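Below is one structure; the comments refer to it alone.
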Amino acid sequence: MQRFLKHSLVFLGVFLILANGLSWMSLYFLRKSEFYKPSFALQKSKEKLDYIVLGSSTGLTTLDTQIIDSITGFQGVNLSMDDTSMPMHALMLEHFLAQGGKVSSCVLVFDAGQMNQQSLQTSGNSYRFLPFIQEEYVIEYFKAADNSLYPDLNGYL
């Protein structure tokens, strides 16, 4: 029986170490990729930009920065994310600036319904900032938010 318990504990320990390593590697590679907008913003923060576009799906689908750039001669990037609110747009701007991004203008595209939002809430796409959860501003955002979509986060932050 002791041998079984010893082997079980060793197996469980190895499994937990491998699972934890895999999750940390996933977050690392997501941070280095351009798969999610916060990672895309990290890559774009190294470029010289004249403007950025922030907003929800309205900003994502209505403003084409390539067309704007070709007409105006400016260089810009669209950092809008669908299913987000004003506080998430502010977090994206803070993230972009904290990663060394410099920009002279910010175009904010918002929906009328966002003007009535009273509390800081997480959205269905808040998880996209998880590769940057070690950053203080991301931790503070999730601490301050009403985590109704992610109630399990309340115990970890």
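By convention in this document, the chains of the structure tokens carry letters A, B, ... by their order, each chain's residues are numbered from 1, and ligands are numbered from 1 in the order they are shown.
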Name the residues in contact with region 108-111 of chain A at a cut-off of 12 Å, using only C-alpha atoms, excluding same-chain residues fewer than 4 positions from it; report them as a PyMOL selection string.
-> chain A and resi 51-63+78-90+92-93+115-117
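Those residues that approach region 127-142 of chain A to within 8 Å, counting only C-alpha atoms, are Leu27, Tyr28, Leu30, Arg31, Tyr36, Lys37, Pro38, Leu91, Glu94, His95, Leu153 and Leu157 of chain A; same-chain residues fewer than 6 positions away are not listed.
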Please, could you write that set of residues out with C-alpha atoms as a JSON list (two decimals), in the first residue's frame?
[["chain", "number", "residue", "atom", "x", "y", "z"],
["A", 27, "LEU", "CA", 1.35, 31.93, -22.02],
["A", 28, "TYR", "CA", 4.93, 32.69, -23.12],
["A", 30, "LEU", "CA", 0.95, 33.65, -26.76],
["A", 31, "ARG", "CA", 2.78, 36.72, -25.43],
["A", 36, "TYR", "CA", -4.51, 38.06, -29.59],
["A", 37, "LYS", "CA", -4.71, 41.85, -29.77],
["A", 38, "PRO", "CA", -2.67, 42.49, -26.59],
["A", 91, "LEU", "CA", -6.54, 48.83, -20.45],
["A", 94, "GLU", "CA", -2.34, 51.46, -20.95],
["A", 95, "HIS", "CA", -0.90, 48.15, -22.17],
["A", 153, "LEU", "CA", -10.37, 34.83, -10.51],
["A", 157, "LEU", "CA", -5.87, 38.09, -7.60]]
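Residues of region 10-152 of chain A carrying a DSSP assignment of strand (DSSP E), computed from the backbone, are Tyr51, Ile52, Val53, Leu54, Gly55, Gly76, Val77, Asn78, Ser105, Cys106, Val107, Leu108 and Val109 of chain A.
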Would you output that residue set with N, CA and C atoms, as a tab-separated table (two decimals), in the first residue's frame?
chain	number	residue	atom	x	y	z
A	51	TYR	N	-1.11	57.13	-35.11
A	51	TYR	CA	-2.38	56.99	-34.39
A	51	TYR	C	-2.68	55.52	-34.14
A	52	ILE	N	-3.55	55.29	-33.15
A	52	ILE	CA	-4.09	53.96	-32.91
A	52	ILE	C	-5.61	54.09	-32.81
A	53	VAL	N	-6.30	53.02	-33.15
A	53	VAL	CA	-7.75	52.96	-33.04
A	53	VAL	C	-8.09	51.99	-31.92
A	54	LEU	N	-8.91	52.45	-30.98
A	54	LEU	CA	-9.37	51.61	-29.87
A	54	LEU	C	-10.88	51.56	-29.91
A	55	GLY	N	-11.43	50.42	-29.64
A	55	GLY	CA	-12.88	50.29	-29.60
A	55	GLY	C	-13.29	48.83	-29.53
A	76	GLY	N	-0.84	53.93	-38.88
A	76	GLY	CA	-1.64	53.63	-37.71
A	76	GLY	C	-1.93	52.15	-37.59
A	77	VAL	N	-2.54	51.78	-36.47
A	77	VAL	CA	-2.88	50.39	-36.22
A	77	VAL	C	-4.22	50.35	-35.47
A	78	ASN	N	-5.01	49.34	-35.77
A	78	ASN	CA	-6.30	49.16	-35.12
A	78	ASN	C	-6.15	48.13	-34.00
A	105	SER	N	-1.89	60.34	-31.59
A	105	SER	CA	-3.35	60.43	-31.58
A	105	SER	C	-3.97	59.06	-31.30
A	106	CYS	N	-5.11	59.11	-30.61
A	106	CYS	CA	-5.85	57.90	-30.32
A	106	CYS	C	-7.29	58.11	-30.77
A	107	VAL	N	-7.78	57.25	-31.64
A	107	VAL	CA	-9.16	57.32	-32.11
A	107	VAL	C	-9.95	56.32	-31.28
A	108	LEU	N	-10.94	56.82	-30.55
A	108	LEU	CA	-11.76	55.97	-29.70
A	108	LEU	C	-13.11	55.78	-30.36
A	109	VAL	N	-13.45	54.53	-30.66
A	109	VAL	CA	-14.73	54.19	-31.28
A	109	VAL	C	-15.54	53.43	-30.23
Please identify all polymer residues within 9 Å of Gln99 (chain A), counting only C-alpha atoms, omitting same-chain residues fewer than 3 positions from it, and present them as a list in words.
-> Ala41, Leu42, Ser45, Lys46, Glu94, His95 and Phe96 of chain A
Among the residues of region 35-146 of chain A, find those DSSP assigns to helix (DSSP H, G or I) from the backbone and print them as a PyMOL selection string.
-> chain A and resi 37-44+57-62+65-72+86-98+112-116+126-132+136-144
Written file, previous selection with C-alpha atoms, as a short mmCIF file (atom, residue, chain, number, x, y, z; two decimals), in the first residue's frame:
data_model
loop_
_atom_site.label_atom_id
_atom_site.label_comp_id
_atom_site.auth_asym_id
_atom_site.auth_seq_id
_atom_site.Cartn_x
_atom_site.Cartn_y
_atom_site.Cartn_z
CA LYS A 37 -4.71 41.85 -29.77
CA PRO A 38 -2.67 42.49 -26.59
CA SER A 39 0.18 40.46 -28.10
CA PHE A 40 -0.33 42.22 -31.43
CA ALA A 41 -0.15 45.55 -29.57
CA LEU A 42 3.14 44.47 -28.01
CA GLN A 43 4.63 43.83 -31.45
CA LYS A 44 3.22 47.11 -32.85
CA SER A 57 -16.40 45.41 -32.65
CA THR A 58 -17.59 48.71 -34.15
CA GLY A 59 -14.01 50.00 -34.27
CA LEU A 60 -12.77 46.62 -35.41
CA THR A 61 -15.06 46.43 -38.42
CA THR A 62 -15.60 50.05 -39.48
CA THR A 65 -6.24 51.57 -41.03
CA GLN A 66 -4.67 50.44 -44.32
CA ILE A 67 -7.12 52.60 -46.29
CA ILE A 68 -6.72 55.51 -43.86
CA ASP A 69 -2.93 55.21 -44.14
CA SER A 70 -3.00 55.12 -47.95
CA ILE A 71 -5.15 58.27 -48.12
CA THR A 72 -3.50 60.33 -45.38
CA MET A 86 -14.58 51.43 -22.29
CA PRO A 87 -12.50 50.16 -19.35
CA MET A 88 -11.06 47.43 -21.57
CA HIS A 89 -10.17 50.06 -24.19
CA ALA A 90 -8.37 52.02 -21.46
CA LEU A 91 -6.54 48.83 -20.45
CA MET A 92 -5.46 48.28 -24.06
CA LEU A 93 -4.15 51.86 -24.26
CA GLU A 94 -2.34 51.46 -20.95
CA HIS A 95 -0.90 48.15 -22.17
CA PHE A 96 0.30 49.69 -25.44
CA LEU A 97 1.97 52.61 -23.65
CA ALA A 98 3.47 50.41 -20.90
CA ALA A 112 -23.84 54.32 -27.38
CA GLY A 113 -24.65 51.56 -24.89
CA GLN A 114 -21.15 51.78 -23.44
CA MET A 115 -21.81 55.31 -22.17
CA ASN A 116 -24.28 53.99 -19.57
CA SER A 126 -10.90 39.66 -21.12
CA TYR A 127 -8.96 36.39 -21.13
CA ARG A 128 -6.87 37.75 -24.00
CA PHE A 129 -4.83 39.69 -21.45
CA LEU A 130 -3.86 36.54 -19.52
CA PRO A 131 -0.44 36.24 -21.22
CA PHE A 132 0.30 39.60 -19.56
CA GLU A 136 0.75 45.23 -12.51
CA TYR A 137 -1.81 47.18 -14.58
CA VAL A 138 -3.47 43.94 -15.75
CA ILE A 139 -3.61 42.59 -12.20
CA GLU A 140 -5.15 45.87 -10.98
CA TYR A 141 -7.73 45.80 -13.77
CA PHE A 142 -8.92 42.31 -12.85
CA LYS A 143 -8.87 43.14 -9.12
CA ALA A 144 -11.07 46.20 -9.68
#
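Proximity ranking of A:Ser23, A:Gln121, A:Lys48, A:Gly13 relative to Gly100 (chain A) places A:Lys48 first, based on only C-alpha atoms.
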